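All remarks here apply to the structure that follows.
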Amino acid sequence: MRRPLCFVFLFFALGIALEYILRPPIFVYAVFGIFAAVLFGSELYQRRVCGVCSCQALRMLSLFIAVSLVGGLYCGKELDRSDPLTLRNGEVVCVKGMVTSIQSGDYYKLTVKIDGRDPGDGYGGSNVLVRVYKGDLDAKMLTGAKVTINGEVSLPTAQRNPGCFDYRAYLRTIRVWVVLSCDSNNIIVNESNAYSLSGIFLNKLALLKYSLLERVSAAADDDTAAMLAGMLFGDKSGLDEDVYESFQKNGTAHILSVSGIHVAIVYAFIMKLLGGRKGPSTAAVSAVGLFIYAALAQFAPSVIRASLMILTHIAAMLLRRRYDLLTGACASAGVMLLANPLQLFNMGFQLSFLAIFAMAFAIPFLDRYLVPLKSSRIKLRRGKQEMSFDTLKEGGVQEIIRKLLRGILPLVVIQGGMAPYTAYAFNYFSAAAFFINIPVIALAGLIIPIGTVLMLLMRINDTLFDLGASAVENLTWVMTVLNDAGYRLAWGHTAVVSPPETWLLLYYMLFFIVSSESFRIIWQRKNKKYISVTAAILVCGLFLAWCAPGSGWDKSSLVFVDVGQGDCLHIRTPDGKNILIDSGGSATYSVGEKLLLPYLLKNGVSKLDLVLITHLHTDHFQGVVELSQYMKIDKLALYEGNCLLEDEISAKLAMSSEKLMYVYAGERLILSDGVYTDILFPERCSKEEYERVILTEEDENKSSLLMKLNYHGISVLMTGDLGFEGEDALLAAYAGDEDFLRASILKVGHHGSRYSTGNIFLETISPIVAVFQVGKNTFGHPHPTVLEKMKSAGVEIYRNDISGAIMFIIDEGGGCVIRTMLD
C-alpha cells in the first residue's frame with residue numbers, strides 16, 4: 001500500500017468526527033473493537049496456522065477500524081474535559097496565570113493559562129479568555145507576564161441562530177471554556193517573579209513586535225503598520241474594517257492572516273540568507289527561525305501546519321529520503337490532532353489543510369494532463385535564412401507555457417479547491433480571487449522579507465530602516481490599490497447561499513477521487529472492478545450523508561430570529577417564499593449585515609419576497625435598511641401613513657418606490673395557499689391625520705402595524721411596540737368581534753415592557769404560547785409583572801435572550817412542533 005500514513009490519518013480523523021457528531025455509547029466501541037479483533041485474528045490464523053495466503057485487505061480493514069476507534073475514544077476524552085470555572089457563571093472570581101497572547105481592538109482579549117487561584121482549587125491548567133478595557137494597561141509588558149485577575153465569569157456565546165457562528169464551539173477547539181470580564185485595574189502583574197522562562201521568551205517577542213510596528217507607524221503611517229501587522233503576525237486589529245472586508249470578499253484575506261504562504265516565504269528568505277546550503281546546521285537555524293516566527297504569529301494553525309511540513313521536508317532531506325507533499329501534510333495534521341483532536345473542527349485548521357490537500361491531489365493531475373509535452377520542431381524563415389528549434393528545449397514555446405502554468409496552477413488549484421467550502425462557511429464566491437491572488441502574493445513575497453529585515457535593522461541603522469519602511473509603505477499601497485480594483489469589479493464577488501452539505505460532500509469526493517494517483521492508474525488500466533468499487537463508495541457516502549439526521553431548521557415554518565433587542569419573524573411558505581415581519585436593528589451594530597444576512601444565506605435564502613415593517617423604529621426597521629445593500633427584496637410593506645416619507649424610505653433602502661406597498665386595517669395579504677396575514681390596526685386615515693401622526697412624529701407607536709398571521713390554522717399576533725393605549729384602541733375597534741383577535745402565538749408587545757400586555761388584552765387574545773423578542777438591555781425588558789401574568793394565565797413562555805432563535809414547524813393539518821437553539 002502506498003502512503004499508509006495518509007490512510008492512518010484519514011481513519012483517525014474519521015473516528016474523531018464520528019465521535020464529535022454522534023457521541024456513541026461505549027458499547028458501540030466495544031462491538032467494533034471485537035469486530036476488528038475477529039478480522040485480524042481470522043487473517044492471522046489462516047496465514048500462520050493454515051498456511052493460507054489470506055487477503056491483505058482484511059488486515060488493513062481491521063487496522064483502520066482500530067485507528068478510527070482510537071481517534072473516537074481520544075476525542076471523547078477531550079470532549080469530557082471540563083473547567084470548574086464553568087460552574088461559577090455570573091460570579092466574580094480571582095485567578096492567577098500567565099498571559100500567553102493578546103489581541104487588541106476596542107478592548108484587549110487576553111488568553112491566560114491559569115495556574116490556580118489557591119492550591120487545590122482545581123482551576124490550574126485551563127485557559128480563559130479575558131476581556132478587559134485597555135485603560136492604562138501596557139500590552140508590551142503584559143504579554144508573558146504572571147498576573148492576578150479579578151473578573152466576572154461568563155460562558156461564551158453559543159450558536160443563537162441556525163447556521164450562524166458558534167463562538168462557544170470555536171473557543172472549545174482552542175481549549176477555552178469561559179470568558180472573564182474586568183476593568184484594567186482588576187489585572188495586577190505579580191511584582192515578584194513576574195515572568196517565567198517561557199514568559200520572558202513571549203515578552204521579548206512582544207517587545208520586538210510592538211517596537212517594529214511603532215517604528216513603522218512613525219516612519220510611514222498607521223495604515224502601513226496595520227497592514228504589516230496583519231501580514232507578519234496575523235494581527236488584524238489595526239486594519240480598517242472596509243479594507244479587511246475588501247480583502248475578504250476578494251479571496252485575498254489569507255495574506256492578512258498568517259498562512260502557509262507566509263511561512264514558506266520566511267523559510268525561503270532564511271535559506272537565501274544561508275546561501276541555500278544544506279546540512280544539520282542549516283536545518284537547526286531554519287527550525288529555530290520557524291519556531292520564533294510561529295511564536296510571533298501566536299501559533300496559528302496554518303503556521304503550525306506549514307512549519308511542521310517544512311521540518312518534515314528538512315528531515316527527509318537530511319535522511320536522504322524522498323519527500324511526499326501529501327504524506328507530509330497528513331503527518332502534520334496527525335501531530336496537531338494528537339495535541340488537540342478538536343482542532344479538526346477549527347475553521348483555520350480546515351482551511352489550511354484543505355488548501356494543501358487540494359494542491360497535493362490536483363497539481364500532479366493537471367501537471368500531467370493540462371500541457372501534454374510532445375516534442376515538435378518549429379521552422380522560421382527570415383529572408384534566405386531558416387531557423388528551427390525544439391519546443392521542448394529550454395526556451396521552447398511549450399516549456400515556457402509549462403513554466404508559467406506551474407507558477408499559476410497552485411493558486412488556481414487552491415482557489416478551486418477552497419471555493420465551495422468558502423461559499424459554505426462565509427457565503428461569498430470570489431471570481432476575482434482566481435487572478436488577483438497572483439499579484440497580491442507576489443507583492444507579499446517582497447513585503448514579508450522586507451518586514452523581517454526591518455526587525456533586524458531597528459537597532460542597527462535608522463536610515464536603512466526608514467528606507468525599508470518606505471518600501472513597505474509603497475508596496476502595501478500598490479497591493480491595496482490592486483485589491484480594491486478587483487473588489488470594485490461588478491462580477492468580482494457575490495454573496496451566495498451555503499451549498500447543501502450533500503453537494504459539498506459530492507464535490508470534494510469527486511475532486512479528490514478523480515485527481516488521485518490511484519484512480520488515474522485504475523482508469524488507465526480500465527480496471528472495471530475497481531472503478532465500480534470506487535463508484536459504489538461514492539454512492540454510499542452520498543446516501544449516508546443524505547440519510548444523516550439534519551438539524552430540522554430547514555423544515556421550519558416560522559422562526560423568531562434572535563436579533564438581540566429587536567423584533568424579527570422569518571416566514572417560510574410551503575411554496576418556497578421567504579417573508580420577514582420586522583428586521584431588528586441597532587444604533588451600534590449592523591444587525592442586517594452581520595446577523596440577518598448570514599442567517600438567511602446559511603439557510604438557503606437568496607432573496608426576500610416580502611418584508612412587512614410594523615414601524616420605523618431602529619430596532620424594527622434598521623435591519624432591513626442594512627440588509628437591502630446585500631440582498632434583493634421584492635416588496636416592502638408599511639402602514640399607509642408612511643407614504644408621506646416615501647422618498648426618505650426609498651433612499652435608505654436604495655429601492656424604487658414601485659417596490660413599496662402601503663397597507664392598513666382590514667386588508668388581507670395572501671402569502672401562499674393556507675398562509676395569509678390580516679392587517680388589524682391602524683385604520684386608514686385622512687392625509688391631515690397622517691401628517692399629524694407621521695410627520696410630527698407625535699407617537700410613532702400609534703402608527704405601528706398590528707397584524708395577525710395565519711399559517712395552516714396556527715395564528716400569530718404580531719404586536720410591534722404595542723402598549724396599553726394601543727391595546728385599548730385595538731379592543732375597541734374589534735368590540736363584539738373579539739374572537740377574531742384570538743391567536744395561538746402572541747409576540748409580546750414592546751419586548752415585554754411593563755406598559756404592555758394588559759389583563760383584558762391577554763384574556764382576549766388567549767394565547768397558548770408567548771414569544772418575547774428581547775436581548776440584553778437596560779430597560780428592564782421583559783418586566784417581571786408581564787412574565788407573571790403569562791405564568792398565571794398558563795401561557796408557555798419563550799424568550800430570545802434565553803433560548804436563542806425559536807422555531808415552529810407547522811404541518812398542513814395545523815400540527816405544530818416548537819424547537820429552540822439553546823434549550
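Every chain in the C-alpha cells has a letter given in the order shown (A, B, ...), and although residue numbers restart at 1 in each chain, ligands are simply numbered from 1 in the order shown.
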
- prompt: Using only C-alpha atoms, which residues sit within 7 Å of A:Ser583 once same-chain residues fewer than 3 positions away are excluded, as a VMD selection string?
  reply: chain A and resid 567 to 568 580 620 to 621 623 to 624

Go ahead and write the residues just picked, all heavy atoms, as a PDB file, in the first residue's frame.
```pdb
ATOM      1  N   ASP A 567     -37.248  43.022  17.005  1.00  0.00           N
ATOM      2  CA  ASP A 567     -38.223  42.046  16.512  1.00  0.00           C
ATOM      3  C   ASP A 567     -37.838  41.571  15.118  1.00  0.00           C
ATOM      4  O   ASP A 567     -37.402  42.371  14.272  1.00  0.00           O
ATOM      5  CB  ASP A 567     -39.624  42.673  16.440  1.00  0.00           C
ATOM      6  CG  ASP A 567     -40.249  42.858  17.816  1.00  0.00           C
ATOM      7  OD1 ASP A 567     -39.560  42.559  18.814  1.00  0.00           O
ATOM      8  OD2 ASP A 567     -41.410  43.312  17.881  1.00  0.00           O
ATOM      9  N   CYS A 568     -38.043  40.265  14.880  1.00  0.00           N
ATOM     10  CA  CYS A 568     -37.868  39.729  13.525  1.00  0.00           C
ATOM     11  C   CYS A 568     -38.477  38.335  13.453  1.00  0.00           C
ATOM     12  O   CYS A 568     -38.058  37.429  14.187  1.00  0.00           O
ATOM     13  CB  CYS A 568     -36.385  39.668  13.148  1.00  0.00           C
ATOM     14  SG  CYS A 568     -36.116  39.059  11.466  1.00  0.00           S
ATOM     15  N   LEU A 580     -40.270  38.385   5.849  1.00  0.00           N
ATOM     16  CA  LEU A 580     -39.921  38.856   7.180  1.00  0.00           C
ATOM     17  C   LEU A 580     -41.004  39.807   7.689  1.00  0.00           C
ATOM     18  O   LEU A 580     -41.541  40.602   6.922  1.00  0.00           O
ATOM     19  CB  LEU A 580     -38.591  39.617   7.185  1.00  0.00           C
ATOM     20  CG  LEU A 580     -37.295  38.858   6.912  1.00  0.00           C
ATOM     21  CD1 LEU A 580     -36.104  39.798   7.082  1.00  0.00           C
ATOM     22  CD2 LEU A 580     -37.139  37.641   7.795  1.00  0.00           C
ATOM     23  N   HIS A 620     -36.709  47.798  14.697  1.00  0.00           N
ATOM     24  CA  HIS A 620     -37.641  47.082  13.832  1.00  0.00           C
ATOM     25  C   HIS A 620     -37.304  47.265  12.352  1.00  0.00           C
ATOM     26  O   HIS A 620     -37.561  46.363  11.546  1.00  0.00           O
ATOM     27  CB  HIS A 620     -39.079  47.561  14.072  1.00  0.00           C
ATOM     28  CG  HIS A 620     -39.581  47.275  15.451  1.00  0.00           C
ATOM     29  ND1 HIS A 620     -40.467  46.267  15.731  1.00  0.00           N
ATOM     30  CD2 HIS A 620     -39.317  47.875  16.642  1.00  0.00           C
ATOM     31  CE1 HIS A 620     -40.737  46.249  17.034  1.00  0.00           C
ATOM     32  NE2 HIS A 620     -40.043  47.225  17.603  1.00  0.00           N
ATOM     33  N   PHE A 621     -36.723  48.397  12.010  1.00  0.00           N
ATOM     34  CA  PHE A 621     -36.566  48.789  10.600  1.00  0.00           C
ATOM     35  C   PHE A 621     -35.117  48.837  10.127  1.00  0.00           C
ATOM     36  O   PHE A 621     -34.827  48.537   8.966  1.00  0.00           O
ATOM     37  CB  PHE A 621     -37.222  50.158  10.402  1.00  0.00           C
ATOM     38  CG  PHE A 621     -37.091  50.731   9.024  1.00  0.00           C
ATOM     39  CD1 PHE A 621     -37.586  50.050   7.920  1.00  0.00           C
ATOM     40  CD2 PHE A 621     -36.476  51.956   8.827  1.00  0.00           C
ATOM     41  CE1 PHE A 621     -37.470  50.590   6.638  1.00  0.00           C
ATOM     42  CE2 PHE A 621     -36.352  52.500   7.562  1.00  0.00           C
ATOM     43  CZ  PHE A 621     -36.853  51.815   6.462  1.00  0.00           C
ATOM     44  N   GLY A 623     -32.566  46.975  10.436  1.00  0.00           N
ATOM     45  CA  GLY A 623     -32.002  45.740   9.906  1.00  0.00           C
ATOM     46  C   GLY A 623     -32.240  45.582   8.423  1.00  0.00           C
ATOM     47  O   GLY A 623     -31.337  45.197   7.667  1.00  0.00           O
ATOM     48  N   VAL A 624     -33.451  45.885   7.950  1.00  0.00           N
ATOM     49  CA  VAL A 624     -33.740  45.727   6.529  1.00  0.00           C
ATOM     50  C   VAL A 624     -33.038  46.806   5.702  1.00  0.00           C
ATOM     51  O   VAL A 624     -32.695  46.592   4.530  1.00  0.00           O
ATOM     52  CB  VAL A 624     -35.263  45.726   6.278  1.00  0.00           C
ATOM     53  CG1 VAL A 624     -35.859  47.120   6.374  1.00  0.00           C
ATOM     54  CG2 VAL A 624     -35.576  45.136   4.907  1.00  0.00           C
TER      55      VAL A 624
END
```

- prompt: Using only C-alpha atoms, which residues sit within 9 Å of stretch 183-189 of chain A once same-chain residues fewer than 5 positions away are excluded, as JSON, numbers by chain?
  reply: {"A": [131, 132, 133, 134, 135, 136, 137, 142, 145, 146, 147, 148, 149, 150, 151, 194]}

- request: Step one, run DSSP on the backbone; step two, keep only residues of stretch 173-407 of chain A assigned to helix (DSSP H, G or I); then write them as a ChimeraX atom specification.
  value: /A:173,184-186,197-219,222-233,241-249,253-256,260-273,280-296,301-318,325-339,341-345,347-369,397-407

- prompt: Can you tell me how far atom CA of A:Ile745 sits from atom CA of A:Val771, in Å to one decimal?
  reply: 7.3 Å

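Relative to atom CA of A:Ile802, atom CA of A:Gly758 is found at 23.5 Å.
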
message: Among stretch 164-313 of chain A, which ones does DSSP assign to strand (DSSP E) (computed from the backbone)? Answer as a count of residues only.
response: 10

Contacts of A:Ser704 at 12 Å or less, counting only C-alpha atoms, minus same-chain residues fewer than 4 places along, as a tab-separated table (two decimals) with N, CA, C and O atoms, in the first residue's frame?
```
chain	number	residue	atom	x	y	z
A	582	ASP	N	-40.74	42.63	10.36
A	582	ASP	CA	-39.71	43.38	11.08
A	582	ASP	C	-38.32	42.74	10.85
A	582	ASP	O	-38.22	41.61	10.36
A	612	LEU	N	-42.48	42.96	5.82
A	612	LEU	CA	-43.50	43.82	6.43
A	612	LEU	C	-42.87	44.50	7.64
A	612	LEU	O	-42.33	43.82	8.52
A	613	ILE	N	-42.94	45.82	7.68
A	613	ILE	CA	-42.37	46.59	8.77
A	613	ILE	C	-43.50	47.19	9.61
A	613	ILE	O	-44.35	47.91	9.07
A	614	THR	N	-43.51	46.88	10.90
A	614	THR	CA	-44.57	47.41	11.76
A	614	THR	C	-44.45	48.92	11.89
A	614	THR	O	-45.44	49.65	11.79
A	615	HIS	N	-43.22	49.42	12.16
A	615	HIS	CA	-42.99	50.86	12.25
A	615	HIS	C	-41.50	51.12	12.08
A	615	HIS	O	-40.69	50.19	11.98
A	616	LEU	N	-41.13	52.38	12.04
A	616	LEU	CA	-39.78	52.75	11.59
A	616	LEU	C	-38.77	52.94	12.73
A	616	LEU	O	-37.73	53.54	12.52
A	617	HIS	N	-39.07	52.43	13.90
A	617	HIS	CA	-38.07	52.48	14.96
A	617	HIS	C	-36.86	51.64	14.58
A	617	HIS	O	-36.97	50.63	13.87
A	620	HIS	N	-36.71	47.80	14.70
A	620	HIS	CA	-37.64	47.08	13.83
A	620	HIS	C	-37.30	47.26	12.35
A	620	HIS	O	-37.56	46.36	11.55
A	621	PHE	N	-36.72	48.40	12.01
A	621	PHE	CA	-36.57	48.79	10.60
A	621	PHE	C	-35.12	48.84	10.13
A	621	PHE	O	-34.83	48.54	8.97
A	638	LEU	N	-45.55	48.75	4.44
A	638	LEU	CA	-45.62	49.60	5.63
A	638	LEU	C	-47.04	50.13	5.78
A	638	LEU	O	-47.87	50.03	4.87
A	639	TYR	N	-47.27	50.75	6.93
A	639	TYR	CA	-48.55	51.42	7.14
A	639	TYR	C	-48.70	52.55	6.13
A	639	TYR	O	-47.75	53.25	5.80
A	640	GLU	N	-49.93	52.75	5.64
A	640	GLU	CA	-50.17	53.70	4.56
A	640	GLU	C	-49.71	55.12	4.91
A	640	GLU	O	-49.27	55.86	4.02
A	641	GLY	N	-49.76	55.49	6.17
A	641	GLY	CA	-49.34	56.84	6.54
A	641	GLY	C	-47.90	57.14	6.19
A	641	GLY	O	-47.50	58.30	6.00
A	642	ASN	N	-47.08	56.09	6.06
A	642	ASN	CA	-45.67	56.29	5.74
A	642	ASN	C	-45.44	56.70	4.28
A	642	ASN	O	-44.29	56.95	3.91
A	663	VAL	N	-50.29	49.48	3.50
A	663	VAL	CA	-51.42	48.68	3.97
A	663	VAL	C	-52.06	49.36	5.18
A	663	VAL	O	-51.47	50.26	5.80
A	664	TYR	N	-53.26	48.93	5.52
A	664	TYR	CA	-53.99	49.48	6.65
A	664	TYR	C	-55.01	48.43	7.10
A	664	TYR	O	-55.19	47.38	6.46
A	665	ALA	N	-55.67	48.71	8.22
A	665	ALA	CA	-56.59	47.75	8.83
A	665	ALA	C	-57.66	47.31	7.86
A	665	ALA	O	-58.21	48.12	7.09
A	679	ILE	N	-54.24	42.56	8.35
A	679	ILE	CA	-53.83	43.81	8.98
A	679	ILE	C	-54.94	44.25	9.92
A	679	ILE	O	-56.08	44.49	9.49
A	680	LEU	N	-54.64	44.36	11.20
A	680	LEU	CA	-55.66	44.66	12.21
A	680	LEU	C	-55.74	46.13	12.57
A	680	LEU	O	-56.81	46.64	12.91
A	681	PHE	N	-54.61	46.82	12.51
A	681	PHE	CA	-54.57	48.19	13.03
A	681	PHE	C	-53.28	48.84	12.54
A	681	PHE	O	-52.29	48.13	12.30
A	682	PRO	N	-53.22	50.16	12.31
A	682	PRO	CA	-54.25	51.20	12.46
A	682	PRO	C	-55.17	51.24	11.24
A	682	PRO	O	-54.86	50.70	10.18
A	683	GLU	N	-56.25	51.96	11.42
A	683	GLU	CA	-57.19	52.13	10.32
A	683	GLU	C	-56.69	53.18	9.35
A	683	GLU	O	-55.78	53.96	9.64
A	693	VAL	N	-49.66	62.58	12.63
A	693	VAL	CA	-49.06	61.44	13.32
A	693	VAL	C	-47.67	61.12	12.79
A	693	VAL	O	-46.73	60.88	13.56
A	694	ILE	N	-47.52	61.16	11.46
A	694	ILE	CA	-46.26	60.70	10.85
A	694	ILE	C	-45.22	61.81	10.82
A	694	ILE	O	-44.10	61.64	11.33
A	697	GLU	N	-44.18	63.12	14.12
A	697	GLU	CA	-43.65	62.06	14.98
A	697	GLU	C	-44.26	62.15	16.39
A	697	GLU	O	-43.58	62.01	17.40
A	699	ASP	N	-46.32	60.20	17.99
A	699	ASP	CA	-46.07	58.92	18.66
A	699	ASP	C	-46.05	57.85	17.58
A	699	ASP	O	-47.09	57.43	17.10
A	700	GLU	N	-44.85	57.46	17.21
A	700	GLU	CA	-44.74	56.53	16.08
A	700	GLU	C	-45.38	55.19	16.39
A	700	GLU	O	-45.81	54.47	15.49
A	718	MET	N	-48.73	39.63	15.76
A	718	MET	CA	-47.51	40.43	15.77
A	718	MET	C	-47.88	41.83	16.23
A	718	MET	O	-48.63	42.55	15.55
A	719	THR	N	-47.34	42.24	17.38
A	719	THR	CA	-47.81	43.45	18.05
A	719	THR	C	-46.85	44.63	17.98
A	719	THR	O	-47.19	45.71	18.48
A	720	GLY	N	-45.68	44.46	17.38
A	720	GLY	CA	-44.74	45.58	17.34
A	720	GLY	C	-44.43	46.09	18.72
A	720	GLY	O	-44.11	45.31	19.63
A	721	ASP	N	-44.53	47.40	18.91
A	721	ASP	CA	-44.28	48.02	20.22
A	721	ASP	C	-45.60	48.43	20.89
A	721	ASP	O	-45.72	49.50	21.50
A	722	LEU	N	-46.60	47.60	20.77
A	722	LEU	CA	-47.92	47.90	21.29
A	722	LEU	C	-47.90	48.07	22.81
A	722	LEU	O	-47.34	47.25	23.53
A	723	GLY	N	-48.51	49.16	23.29
A	723	GLY	CA	-48.64	49.41	24.72
A	723	GLY	C	-50.10	49.42	25.13
A	723	GLY	O	-50.99	49.08	24.36
A	726	GLY	N	-52.55	51.41	22.90
A	726	GLY	CA	-52.81	50.74	21.63
A	726	GLY	C	-53.67	49.51	21.81
A	726	GLY	O	-54.52	49.19	20.96
A	727	GLU	N	-53.45	48.78	22.91
A	727	GLU	CA	-54.27	47.60	23.19
A	727	GLU	C	-55.73	47.99	23.36
A	727	GLU	O	-56.64	47.32	22.82
A	730	LEU	N	-57.23	48.81	20.02
A	730	LEU	CA	-57.46	47.59	19.24
A	730	LEU	C	-58.72	46.87	19.74
A	730	LEU	O	-59.56	46.44	18.94
A	749	GLY	N	-45.93	42.50	23.13
A	749	GLY	CA	-45.70	43.88	22.71
A	749	GLY	C	-44.55	44.55	23.45
A	749	GLY	O	-44.34	44.35	24.65
A	750	HIS	N	-43.82	45.37	22.70
A	750	HIS	CA	-42.74	46.21	23.24
A	750	HIS	C	-41.75	45.42	24.09
A	750	HIS	O	-41.30	45.87	25.14
```
